[in-house]
file query_23.cif (mmCIF, C-alpha atoms, pLDDT in the B column; chains and numbers go by the auth columns)
data_target
loop_
_atom_site.group_PDB
_atom_site.id
_atom_site.type_symbol
_atom_site.label_atom_id
_atom_site.label_comp_id
_atom_site.label_asym_id
_atom_site.label_seq_id
_atom_site.Cartn_x
_atom_site.Cartn_y
_atom_site.Cartn_z
_atom_site.B_iso_or_equiv
_atom_site.auth_seq_id
_atom_site.auth_asym_id
ATOM 1 C CA MET A 1 25.501 11.490 72.696 93.00 843 S
ATOM 2 C CA TYR A 2 27.379 14.751 72.262 96.00 844 S
ATOM 3 C CA VAL A 3 30.094 14.731 69.609 95.00 845 S
ATOM 4 C CA VAL A 4 32.395 17.712 70.147 96.00 846 S
ATOM 5 C CA SER A 5 34.671 18.778 67.292 95.00 847 S
ATOM 6 C CA LEU A 6 37.288 21.490 67.779 95.00 848 S
ATOM 7 C CA ASP A 7 39.230 23.070 64.905 94.00 849 S
ATOM 8 C CA GLN A 8 42.199 25.363 65.495 92.00 850 S
ATOM 9 C CA ARG A 9 41.547 28.883 64.223 87.00 851 S
ATOM 10 C CA HIS A 10 45.050 30.268 63.724 83.00 852 S
ATOM 11 C CA ARG A 11 47.374 27.686 62.184 77.00 853 S
ATOM 12 C CA GLU A 12 50.339 30.096 62.278 74.00 854 S
ATOM 13 C CA ALA A 13 50.328 29.752 66.086 71.00 855 S
ATOM 14 C CA GLY A 14 51.683 26.209 65.752 78.00 856 S
ATOM 15 C CA ASP A 15 50.031 23.027 66.955 81.00 857 S
ATOM 16 C CA LEU A 16 47.840 23.912 69.946 88.00 858 S
ATOM 17 C CA ALA A 17 46.262 20.447 70.194 90.00 859 S
ATOM 18 C CA PRO A 18 48.571 19.040 72.921 91.00 860 S
ATOM 19 C CA ALA A 19 47.731 21.883 75.329 91.00 861 S
ATOM 20 C CA LEU A 20 44.014 21.560 74.583 93.00 862 S
ATOM 21 C CA LEU A 21 44.087 17.791 75.065 94.00 863 S
ATOM 22 C CA ARG A 22 45.652 18.274 78.501 93.00 864 S
ATOM 23 C CA ARG A 23 42.730 20.522 79.494 92.00 865 S
ATOM 24 C CA LEU A 24 40.233 17.985 78.139 94.00 866 S
ATOM 25 C CA GLY A 25 41.922 14.933 79.625 91.00 867 S
ATOM 26 C CA ASP A 26 39.924 14.845 82.866 92.00 868 S
ATOM 27 C CA LEU A 27 36.490 15.064 81.258 94.00 869 S
ATOM 28 C CA GLY A 28 34.127 12.120 81.371 94.00 870 S
ATOM 29 C CA THR A 29 33.846 10.703 77.861 92.00 871 S
ATOM 30 C CA VAL A 30 32.597 7.733 75.894 91.00 872 S
ATOM 31 C CA VAL A 31 35.459 8.256 73.447 90.00 873 S
ATOM 32 C CA PRO A 32 38.313 10.400 74.850 91.00 874 S
ATOM 33 C CA PHE A 33 39.303 13.592 73.108 93.00 875 S
ATOM 34 C CA GLN A 34 42.116 13.058 70.639 89.00 876 S
ATOM 35 C CA GLY A 35 43.521 14.386 67.396 85.00 877 S
ATOM 36 C CA ALA A 36 41.062 13.685 64.587 78.00 878 S
ATOM 37 C CA ARG A 37 43.224 15.233 61.841 79.00 879 S
ATOM 38 C CA ALA A 38 45.769 18.046 61.573 78.00 880 S
ATOM 39 C CA HIS A 39 44.801 20.955 63.860 84.00 881 S
ATOM 40 C CA ALA A 40 41.569 19.233 64.907 89.00 882 S
ATOM 41 C CA VAL A 41 40.402 17.435 68.048 93.00 883 S
ATOM 42 C CA GLN A 42 37.273 15.370 68.614 93.00 884 S
ATOM 43 C CA GLY A 43 35.663 13.450 71.448 93.00 885 S
ATOM 44 C CA ILE A 44 32.293 11.967 72.403 94.00 886 S
ATOM 45 C CA THR A 45 30.536 12.277 75.736 94.00 887 S
ATOM 46 C CA ALA A 46 27.180 11.155 77.097 94.00 888 S
ATOM 47 C CA ASP A 47 27.119 14.016 79.632 96.00 889 S
ATOM 48 C CA PRO A 48 25.947 17.429 78.393 97.00 890 S
ATOM 49 C CA ALA A 49 27.838 19.177 81.216 97.00 891 S
ATOM 50 C CA GLU A 50 31.075 17.664 79.915 97.00 892 S
ATOM 51 C CA ALA A 51 30.228 18.828 76.410 97.00 893 S
ATOM 52 C CA VAL A 52 29.815 22.361 77.791 98.00 894 S
ATOM 53 C CA ALA A 53 33.158 22.104 79.587 97.00 895 S
ATOM 54 C CA ALA A 54 34.874 20.929 76.398 97.00 896 S
ATOM 55 C CA ALA A 55 33.373 23.754 74.371 97.00 897 S
ATOM 56 C CA LEU A 56 34.490 26.395 76.875 97.00 898 S
ATOM 57 C CA ALA A 57 37.993 24.906 77.004 95.00 899 S
ATOM 58 C CA GLY A 58 38.190 25.337 73.246 95.00 900 S
ATOM 59 C CA LEU A 59 36.815 28.877 73.250 95.00 901 S
ATOM 60 C CA ARG A 60 39.402 29.962 75.825 92.00 902 S
ATOM 61 C CA GLY A 61 41.805 32.377 74.215 86.00 903 S
ATOM 62 C CA GLU A 62 39.748 32.387 71.000 88.00 904 S
ATOM 63 C CA ALA A 63 41.964 29.564 69.751 87.00 905 S
ATOM 64 C CA TRP A 64 39.412 27.004 68.511 93.00 906 S
ATOM 65 C CA ARG A 65 36.140 26.735 66.626 95.00 907 S
ATOM 66 C CA VAL A 66 33.695 24.375 68.318 97.00 908 S
ATOM 67 C CA GLY A 67 30.944 22.247 66.843 97.00 909 S
ATOM 68 C CA ILE A 68 28.649 20.078 68.975 97.00 910 S
ATOM 69 C CA GLY A 69 26.519 17.417 67.329 96.00 911 S
ATOM 70 C CA VAL A 70 23.693 15.897 69.361 96.00 912 S
ATOM 71 C CA GLY A 71 22.230 12.503 68.544 93.00 913 S
ATOM 72 C CA PRO A 72 22.721 8.737 68.769 90.00 914 S
ATOM 73 C CA VAL A 73 26.182 7.394 67.939 87.00 915 S
ATOM 74 C CA GLY A 74 27.203 3.849 67.138 83.00 916 S
ATOM 75 C CA LEU A 75 30.758 2.689 67.852 75.00 917 S
ATOM 76 C CA GLU A 76 32.485 -0.169 66.058 72.00 918 S
ATOM 77 C CA THR A 77 35.998 -1.502 66.669 70.00 919 S
ATOM 78 C CA VAL A 78 38.038 -1.619 63.461 66.00 920 S
ATOM 79 C CA THR A 79 41.572 -2.698 62.580 64.00 921 S
ATOM 80 C CA GLY A 80 43.522 -0.711 60.022 63.00 922 S
ATOM 81 C CA ALA A 81 45.939 -1.980 57.395 68.00 923 S
ATOM 82 C CA ASP A 82 48.807 -1.192 59.769 67.00 924 S
ATOM 83 C CA GLY A 83 47.313 -3.423 62.439 63.00 925 S
ATOM 84 C CA ARG A 84 46.308 -0.556 64.724 63.00 926 S
ATOM 85 C CA THR A 85 42.943 -0.777 66.438 59.00 927 S
ATOM 86 C CA GLY A 86 40.502 2.101 66.461 60.00 928 S
ATOM 87 C CA LEU A 87 36.842 2.966 66.801 65.00 929 S
ATOM 88 C CA ARG A 88 34.582 3.916 63.951 72.00 930 S
ATOM 89 C CA ALA A 89 31.830 6.270 65.099 74.00 931 S
ATOM 90 C CA ASP A 90 28.781 6.916 62.972 77.00 932 S
ATOM 91 C CA GLY A 91 25.133 7.764 63.289 82.00 933 S
ATOM 92 C CA PRO A 92 23.065 10.943 63.591 85.00 934 S
ATOM 93 C CA GLY A 93 25.340 12.433 66.259 89.00 935 S
ATOM 94 C CA THR A 94 28.404 12.343 64.021 89.00 936 S
ATOM 95 C CA VAL A 95 26.460 13.748 61.074 92.00 937 S
ATOM 96 C CA GLN A 96 25.235 16.616 63.238 94.00 938 S
ATOM 97 C CA ALA A 97 28.805 17.203 64.466 93.00 939 S
ATOM 98 C CA HIS A 98 29.963 17.673 60.859 92.00 940 S
ATOM 99 C CA HIS A 99 27.155 20.194 60.311 95.00 941 S
ATOM 100 C CA ALA A 100 28.008 22.045 63.535 96.00 942 S
ATOM 101 C CA ALA A 101 31.736 22.176 62.733 94.00 943 S
ATOM 102 C CA ALA A 102 31.023 23.531 59.252 94.00 944 S
ATOM 103 C CA ALA A 103 28.708 26.181 60.689 95.00 945 S
ATOM 104 C CA ALA A 104 31.313 27.158 63.318 94.00 946 S
ATOM 105 C CA ALA A 105 33.856 27.715 60.533 92.00 947 S
ATOM 106 C CA ARG A 106 31.542 30.380 59.106 92.00 948 S
ATOM 107 C CA THR A 107 30.856 32.016 62.479 86.00 949 S
ATOM 108 C CA GLY A 108 32.583 35.169 63.660 80.00 950 S
ATOM 109 C CA ARG A 109 33.181 36.389 67.193 83.00 951 S
ATOM 110 C CA VAL A 110 32.173 33.353 69.264 93.00 952 S
ATOM 111 C CA PRO A 111 32.595 30.338 66.955 95.00 953 S
ATOM 112 C CA VAL A 112 30.537 27.664 68.689 96.00 954 S
ATOM 113 C CA CYS A 113 27.627 25.952 66.949 97.00 955 S
ATOM 114 C CA VAL A 114 25.202 23.220 67.973 97.00 956 S
ATOM 115 C CA ALA A 115 23.397 20.938 65.538 97.00 957 S
ATOM 116 C CA ALA A 116 20.622 18.467 66.331 96.00 958 S
ATOM 117 C CA GLU A 117 17.475 17.032 64.802 94.00 959 S
ATOM 118 C CA ASP A 118 15.533 19.620 66.816 95.00 960 S
ATOM 119 C CA ALA A 119 16.949 22.780 65.235 96.00 961 S
ATOM 120 C CA ALA A 120 15.053 25.130 67.576 97.00 962 S
ATOM 121 C CA ALA A 121 16.427 23.374 70.679 97.00 963 S
ATOM 122 C CA ALA A 122 19.933 23.462 69.176 97.00 964 S
ATOM 123 C CA ALA A 123 19.613 27.211 68.578 97.00 965 S
ATOM 124 C CA ARG A 124 18.648 27.803 72.208 97.00 966 S
ATOM 125 C CA ALA A 125 21.609 25.810 73.510 97.00 967 S
ATOM 126 C CA GLN A 126 23.908 27.538 71.055 97.00 968 S
ATOM 127 C CA SER A 127 22.845 31.013 72.153 97.00 969 S
ATOM 128 C CA VAL A 128 23.708 30.344 75.812 97.00 970 S
ATOM 129 C CA LEU A 129 27.002 28.687 74.883 97.00 971 S
ATOM 130 C CA ARG A 130 27.942 31.773 72.890 96.00 972 S
ATOM 131 C CA LEU A 131 27.306 34.010 75.883 96.00 973 S
ATOM 132 C CA LEU A 132 29.446 31.765 78.060 97.00 974 S
ATOM 133 C CA GLY A 133 32.042 31.567 75.316 96.00 975 S
ATOM 134 C CA ARG A 134 32.257 35.337 75.197 95.00 976 S
ATOM 135 C CA ILE A 135 33.029 35.368 78.918 95.00 977 S
ATOM 136 C CA VAL A 136 35.916 32.901 78.684 95.00 978 S
ATOM 137 C CA ALA A 137 37.275 34.378 75.456 93.00 979 S
ATOM 138 C CA GLN A 138 37.635 37.849 76.984 91.00 980 S
ATOM 139 C CA ARG A 139 39.610 36.823 80.091 94.00 981 S
ATOM 140 C CA THR A 140 43.143 38.107 80.393 94.00 982 S
ATOM 141 C CA ALA A 141 46.145 35.922 81.199 94.00 983 S
ATOM 142 C CA ALA A 142 46.271 37.476 84.683 94.00 984 S
ATOM 143 C CA GLU A 143 42.626 36.567 85.296 95.00 985 S
ATOM 144 C CA TRP A 144 43.214 33.000 84.124 95.00 986 S
ATOM 145 C CA ARG A 145 46.108 32.640 86.554 95.00 987 S
ATOM 146 C CA VAL A 146 43.618 33.305 89.340 95.00 988 S
ATOM 147 C CA VAL A 147 40.539 31.400 88.170 95.00 989 S
ATOM 148 C CA ASP A 148 42.516 28.320 87.123 93.00 990 S
ATOM 149 C CA LEU A 149 43.279 27.807 90.818 94.00 991 S
ATOM 150 C CA LEU A 150 39.666 28.096 91.979 91.00 992 S
ATOM 151 C CA VAL A 151 37.350 25.166 92.642 89.00 993 S
ATOM 152 C CA PRO A 152 33.611 25.785 92.079 88.00 994 S
ATOM 153 C CA GLY A 153 31.633 25.575 95.324 82.00 995 S
ATOM 154 C CA ALA A 154 34.641 25.622 97.653 83.00 996 S
ATOM 155 C CA ARG A 155 34.610 28.212 100.438 81.00 997 S
ATOM 156 C CA GLY A 156 37.465 30.330 101.762 81.00 998 S
ATOM 157 C CA GLN A 157 39.791 29.616 98.879 89.00 999 S
ATOM 158 C CA GLN A 158 40.551 33.153 97.726 89.00 1000 S
ATOM 159 C CA LYS A 159 43.041 33.684 100.573 90.00 1001 S
ATOM 160 C CA VAL A 160 44.786 30.414 99.651 92.00 1002 S
ATOM 161 C CA VAL A 161 44.976 31.435 95.994 94.00 1003 S
ATOM 162 C CA ALA A 162 46.331 34.841 96.980 94.00 1004 S
ATOM 163 C CA GLY A 163 49.105 33.202 99.011 93.00 1005 S
ATOM 164 C CA GLU A 164 49.996 30.855 96.173 92.00 1006 S
ATOM 165 C CA LEU A 165 50.226 33.700 93.664 94.00 1007 S
ATOM 166 C CA GLY A 166 51.849 36.179 96.041 94.00 1008 S
ATOM 167 C CA ILE A 167 49.084 38.776 95.698 94.00 1009 S
ATOM 168 C CA THR A 168 46.475 40.168 98.074 94.00 1010 S
ATOM 169 C CA PRO A 169 43.073 38.543 98.658 93.00 1011 S
ATOM 170 C CA GLN A 170 41.538 41.805 97.424 93.00 1012 S
ATOM 171 C CA ALA A 171 43.388 41.404 94.108 95.00 1013 S
ATOM 172 C CA VAL A 172 42.063 37.859 93.820 94.00 1014 S
ATOM 173 C CA SER A 173 38.521 39.047 94.542 94.00 1015 S
ATOM 174 C CA LYS A 174 38.755 41.770 91.896 95.00 1016 S
ATOM 175 C CA ALA A 175 40.129 39.309 89.307 95.00 1017 S
ATOM 176 C CA VAL A 176 37.289 36.870 90.010 95.00 1018 S
ATOM 177 C CA ALA A 177 34.722 39.651 89.611 96.00 1019 S
ATOM 178 C CA ARG A 178 36.250 40.942 86.366 96.00 1020 S
ATOM 179 C CA ALA A 179 36.470 37.438 84.947 96.00 1021 S
ATOM 180 C CA LEU A 180 32.765 36.745 85.682 96.00 1022 S
ATOM 181 C CA TRP A 181 33.911 33.386 87.023 95.00 1023 S
ATOM 182 C CA GLN A 182 30.969 32.844 89.369 94.00 1024 S
ATOM 183 C CA GLU A 183 28.514 33.907 86.666 96.00 1025 S
ATOM 184 C CA GLU A 184 30.063 31.395 84.266 96.00 1026 S
ATOM 185 C CA TRP A 185 29.692 28.519 86.709 96.00 1027 S
ATOM 186 C CA ASP A 186 26.155 29.576 87.634 96.00 1028 S
ATOM 187 C CA ALA A 187 25.170 29.447 83.947 97.00 1029 S
ATOM 188 C CA ARG A 188 26.894 26.194 82.987 97.00 1030 S
ATOM 189 C CA PRO A 189 24.028 23.964 84.240 97.00 1031 S
ATOM 190 C CA ALA A 190 21.564 25.950 82.123 97.00 1032 S
ATOM 191 C CA ALA A 191 23.688 25.409 79.018 97.00 1033 S
ATOM 192 C CA ALA A 192 23.966 21.702 79.822 98.00 1034 S
ATOM 193 C CA ARG A 193 20.204 21.397 80.308 97.00 1035 S
ATOM 194 C CA LEU A 194 19.551 23.092 76.968 97.00 1036 S
ATOM 195 C CA LEU A 195 21.948 20.678 75.275 97.00 1037 S
ATOM 196 C CA GLU A 196 20.137 17.789 76.938 96.00 1038 S
ATOM 197 C CA LEU A 197 16.845 19.044 75.528 95.00 1039 S
ATOM 198 C CA CYS A 198 18.308 18.795 72.011 95.00 1040 S
ATOM 199 C CA ALA A 199 18.229 14.992 72.206 87.00 1041 S
ATOM 200 C CA PRO A 200 15.264 13.222 70.571 76.00 1042 S
ATOM 201 C CA PRO A 201 12.512 12.290 73.073 71.00 1043 S
ATOM 202 C CA GLY A 202 13.190 8.919 74.649 63.00 1044 S
ATOM 203 C CA ALA A 203 16.673 8.681 73.181 58.00 1045 S
ATOM 204 C CA GLY A 204 18.977 6.408 75.116 50.00 1046 S
ATOM 205 C CA PRO A 205 22.705 6.851 75.525 44.00 1047 S
ATOM 206 C CA GLY A 206 23.279 5.456 72.014 39.00 1048 S
ATOM 207 C CA ALA A 207 26.499 3.602 72.840 37.00 1049 S
ATOM 208 C CA GLN A 208 28.036 1.944 75.816 37.00 1050 S
ATOM 209 C CA ALA A 209 30.946 3.604 77.577 37.00 1051 S
ATOM 210 C CA SER A 210 34.212 2.611 75.887 36.00 1052 S
ATOM 211 C CA THR A 211 37.850 3.136 76.640 35.00 1053 S
ATOM 212 C CA MET A 212 40.611 3.756 74.153 36.00 1054 S
ATOM 213 C CA ASN A 213 44.345 3.381 74.457 37.00 1055 S
ATOM 214 C CA PRO A 214 46.748 5.901 72.897 34.00 1056 S
ATOM 215 C CA SER A 215 47.093 3.770 69.734 33.00 1057 S
ATOM 216 C CA GLU A 216 43.384 3.947 69.014 38.00 1058 S
ATOM 217 C CA SER A 217 41.646 6.617 66.978 43.00 1059 S
ATOM 218 C CA ILE A 218 38.212 7.806 65.935 50.00 1060 S
ATOM 219 C CA HIS A 219 37.006 7.298 62.384 47.00 1061 S
ATOM 220 C CA SER A 220 33.748 8.989 61.416 49.00 1062 S
#

call {"tool": "encode", "arguments": {"input": "query_23.cif", "output": "structure tokens"}}
result
Amino acid sequence: MYVVSLDQRHREAGDLAPALLRRLGDLGTVVPFQGARAHAVQGITADPAEAVAAALAGLRGEAWRVGIGVGPVGLETVTGADGRTGLRADGPGTVQAHHAAAAAARTGRVPVCVAAEDAAAAARAQSVLRLLGRIVAQRTAAEWRVVDLLVPGARGQQKVVAGELGITPQAVSKAVARALWQEEWDARPAAARLLELCAPPGAGPGAQASTMNPSESIHS
């Protein structure tokens, strides 16, 4: 399992969690991303590629610190004193997520950290995620307007994007090149594979896929 914790960097900017949760809403998760506490979001996925996507969504605009904990996670349904139902998550994955989030809080320019039982494997995954994070953090608003409309692997879409934005296809092409969009998507599978290699040998998924309704929450 991959437990992804995101903490907002600049509290004076107001609550950025709703916008982040919209970007994370389509990801495949075991426990959907949701507010864990004030100015913090957490979710759990069994897919390393989705963990990479979540991390890059948080690093966009340099708005969030990201910690990824890798390891087995157990989920238990609990009922609070108010009668609301939630999930309690615990196990090595959640412990590693706490370590990764704490390390990210001490990190400077690209605040993404990975923690796992295999520290060397975690360091390798972390190094590639920081390179990718630097790419997405440096994009301008104009570049995001272009790349947000692109679909990886689709052909002939730059002319369509140009028409939608009212700019020339050449301007779209230049924005894509400046944003290193293709390079980002080419490198994402490598980052996901390195995250996968952080898992203990022979480790299973750790928990069955679960769904949560809006009244449910994560307790770890």

call {"tool": "resolve_selection", "arguments": {"input": "query_23.cif", "expression": "the PyMOL selection byres ((chain S and resi 885) around 10)", "output": "ChimeraX atom specification"}}
result
/S:844-848,866,869,871-878,883-884,886-887,893,896,910,1060

call {"tool": "resolve_selection", "arguments": {"input": "query_23.cif", "expression": "the PyMOL selection byres ((chain S and resi 1033) around 10)", "output": "JSON, numbers by chain"}}
result
{"S": [890, 891, 893, 894, 966, 967, 968, 969, 970, 971, 972, 973, 974, 1028, 1029, 1030, 1031, 1032, 1034, 1035, 1036, 1037, 1038, 1039]}

call {"tool": "resolve_selection", "arguments": {"input": "query_23.cif", "expression": "the PyMOL selection byres ((chain S and resi 1014) around 10)", "output": "list in words"}}
result
Glu985, Arg987, Val988, Val989, Gln999, Gln1000, Lys1001, Val1002, Val1003, Ala1004, Gly1005, Leu1007, Ile1009, Thr1010, Pro1011, Gln1012, Ala1013, Ser1015, Lys1016, Ala1017, Val1018, Ala1019 and Arg1020 of chain S

call {"tool": "residues_around", "arguments": {"input": "query_23.cif", "residues": "Ala855 (chain S)", "least_positions_apart": "6", "cutoff": "12 Å", "atoms": "all atoms listed in the file", "output": "mmCIF file with C-alpha atoms, in the coordinates of the input"}}
result
data_model
loop_
_atom_site.group_PDB
_atom_site.id
_atom_site.type_symbol
_atom_site.label_atom_id
_atom_site.label_comp_id
_atom_site.auth_asym_id
_atom_site.auth_seq_id
_atom_site.Cartn_x
_atom_site.Cartn_y
_atom_site.Cartn_z
ATOM 1 C CA HIS S 881 44.801 20.955 63.860
ATOM 2 C CA GLU S 904 39.748 32.387 71.000
ATOM 3 C CA ALA S 905 41.964 29.564 69.751
ATOM 4 C CA TRP S 906 39.412 27.004 68.511
#

call {"tool": "residues_near_point", "arguments": {"input": "query_23.cif", "point": "(45.0, 22.7, 71.4)", "cutoff": "9 Å", "atoms": "all atoms listed in the file", "output": "NGL selection string"}}
result
:S and (848-850 or 857-865 or 881-883 or 900 or 905-906)

call {"tool": "residues_near_point", "arguments": {"input": "query_23.cif", "point": "(17.1, 14.4, 71.6)", "cutoff": "6 Å", "atoms": "all atoms listed in the file", "output": "PDB file with C-alpha atoms, in the frame of the given file"}}
result
ATOM      1  CA  CYS S1040      18.308  18.795  72.011  1.00 95.00           C
ATOM      2  CA  ALA S1041      18.229  14.992  72.206  1.00 87.00           C
ATOM      3  CA  PRO S1042      15.264  13.222  70.571  1.00 76.00           C
ATOM      4  CA  PRO S1043      12.512  12.290  73.073  1.00 71.00           C
ATOM      5  CA  ALA S1045      16.673   8.681  73.181  1.00 58.00           C
TER       6      ALA S1045
END

call {"tool": "closest_residue", "arguments": {"input": "query_23.cif", "among": "S:Leu992, S:Arg981, S:Val954, S:Val915", "to": "Ala888 (chain S)", "atoms": "only C-alpha atoms"}}
result
S:Val915

call {"tool": "atom_distance", "arguments": {"input": "query_23.cif", "atom1": "CA of Ala1021 (chain S)", "atom2": "CA of Trp986 (chain S)"}}
result
8.1 Å

call {"tool": "atom_distance", "arguments": {"input": "query_23.cif", "atom1": "CA of Ala945 (chain S)", "atom2": "CA of Gly856 (chain S)"}}
result
23.5 Å

call {"tool": "closest_residue", "arguments": {"input": "query_23.cif", "among": "S:Val978, S:Val908, S:Ala965, S:Ala895", "to": "His940 (chain S)", "atoms": "all atoms listed in the file"}}
result
S:Val908

call {"tool": "closest_residue", "arguments": {"input": "query_23.cif", "among": "S:Glu892, S:Glu959, S:Glu1026, S:Glu918", "to": "His941 (chain S)", "atoms": "all atoms listed in the file"}}
result
S:Glu959

call {"tool": "build_atoms", "arguments": {"input": "query_23.cif", "residues": "region 1002-1010 of chain S", "atoms": "all heavy atoms", "output": "PDB file, keeping the file's coordinate frame"}}
result
ATOM      1  N   VAL S1002      43.796  31.432 100.023  1.00 92.00           N
ATOM      2  CA  VAL S1002      44.786  30.414  99.651  1.00 92.00           C
ATOM      3  C   VAL S1002      45.376  30.728  98.280  1.00 92.00           C
ATOM      4  O   VAL S1002      46.589  30.652  98.073  1.00 92.00           O
ATOM      5  CB  VAL S1002      44.148  29.014  99.651  1.00 92.00           C
ATOM      6  CG1 VAL S1002      45.146  27.969  99.161  1.00 92.00           C
ATOM      7  CG2 VAL S1002      43.644  28.660 101.038  1.00 92.00           C
ATOM      8  N   VAL S1003      44.513  31.093  97.338  1.00 94.00           N
ATOM      9  CA  VAL S1003      44.976  31.435  95.994  1.00 94.00           C
ATOM     10  C   VAL S1003      45.889  32.654  96.041  1.00 94.00           C
ATOM     11  O   VAL S1003      46.925  32.714  95.369  1.00 94.00           O
ATOM     12  CB  VAL S1003      43.778  31.674  95.062  1.00 94.00           C
ATOM     13  CG1 VAL S1003      44.232  32.262  93.719  1.00 94.00           C
ATOM     14  CG2 VAL S1003      43.020  30.366  94.840  1.00 94.00           C
ATOM     15  N   ALA S1004      45.512  33.638  96.849  1.00 94.00           N
ATOM     16  CA  ALA S1004      46.331  34.841  96.980  1.00 94.00           C
ATOM     17  C   ALA S1004      47.726  34.485  97.478  1.00 94.00           C
ATOM     18  O   ALA S1004      48.736  34.988  96.961  1.00 94.00           O
ATOM     19  CB  ALA S1004      45.661  35.825  97.941  1.00 94.00           C
ATOM     20  N   GLY S1005      47.807  33.597  98.497  1.00 93.00           N
ATOM     21  CA  GLY S1005      49.105  33.202  99.011  1.00 93.00           C
ATOM     22  C   GLY S1005      49.929  32.457  97.982  1.00 93.00           C
ATOM     23  O   GLY S1005      51.152  32.658  97.879  1.00 93.00           O
ATOM     24  N   GLU S1006      49.275  31.627  97.181  1.00 92.00           N
ATOM     25  CA  GLU S1006      49.996  30.855  96.173  1.00 92.00           C
ATOM     26  C   GLU S1006      50.553  31.756  95.073  1.00 92.00           C
ATOM     27  O   GLU S1006      51.640  31.515  94.551  1.00 92.00           O
ATOM     28  CB  GLU S1006      49.073  29.798  95.576  1.00 92.00           C
ATOM     29  CG  GLU S1006      49.763  28.849  94.610  1.00 92.00           C
ATOM     30  CD  GLU S1006      48.926  27.625  94.290  1.00 92.00           C
ATOM     31  OE1 GLU S1006      47.985  27.326  95.060  1.00 92.00           O
ATOM     32  OE2 GLU S1006      49.217  26.981  93.275  1.00 92.00           O
ATOM     33  N   LEU S1007      49.805  32.810  94.735  1.00 94.00           N
ATOM     34  CA  LEU S1007      50.226  33.700  93.664  1.00 94.00           C
ATOM     35  C   LEU S1007      51.052  34.880  94.170  1.00 94.00           C
ATOM     36  O   LEU S1007      51.599  35.642  93.364  1.00 94.00           O
ATOM     37  CB  LEU S1007      49.007  34.223  92.905  1.00 94.00           C
ATOM     38  CG  LEU S1007      48.206  33.179  92.123  1.00 94.00           C
ATOM     39  CD1 LEU S1007      46.968  33.821  91.493  1.00 94.00           C
ATOM     40  CD2 LEU S1007      49.060  32.523  91.047  1.00 94.00           C
ATOM     41  N   GLY S1008      51.101  35.060  95.494  1.00 94.00           N
ATOM     42  CA  GLY S1008      51.849  36.179  96.041  1.00 94.00           C
ATOM     43  C   GLY S1008      51.188  37.522  95.824  1.00 94.00           C
ATOM     44  O   GLY S1008      51.859  38.540  95.635  1.00 94.00           O
ATOM     45  N   ILE S1009      49.834  37.531  95.850  1.00 94.00           N
ATOM     46  CA  ILE S1009      49.084  38.776  95.698  1.00 94.00           C
ATOM     47  C   ILE S1009      48.104  38.882  96.867  1.00 94.00           C
ATOM     48  O   ILE S1009      47.995  37.962  97.683  1.00 94.00           O
ATOM     49  CB  ILE S1009      48.324  38.837  94.355  1.00 94.00           C
ATOM     50  CG1 ILE S1009      47.345  37.653  94.231  1.00 94.00           C
ATOM     51  CG2 ILE S1009      49.318  38.821  93.190  1.00 94.00           C
ATOM     52  CD1 ILE S1009      46.533  37.652  92.943  1.00 94.00           C
ATOM     53  N   THR S1010      47.398  39.983  96.962  1.00 94.00           N
ATOM     54  CA  THR S1010      46.475  40.168  98.074  1.00 94.00           C
ATOM     55  C   THR S1010      45.139  39.478  97.801  1.00 94.00           C
ATOM     56  O   THR S1010      44.747  39.291  96.641  1.00 94.00           O
ATOM     57  CB  THR S1010      46.208  41.658  98.312  1.00 94.00           C
ATOM     58  OG1 THR S1010      45.495  42.188  97.180  1.00 94.00           O
ATOM     59  CG2 THR S1010      47.519  42.427  98.510  1.00 94.00           C
TER      60      THR S1010
END
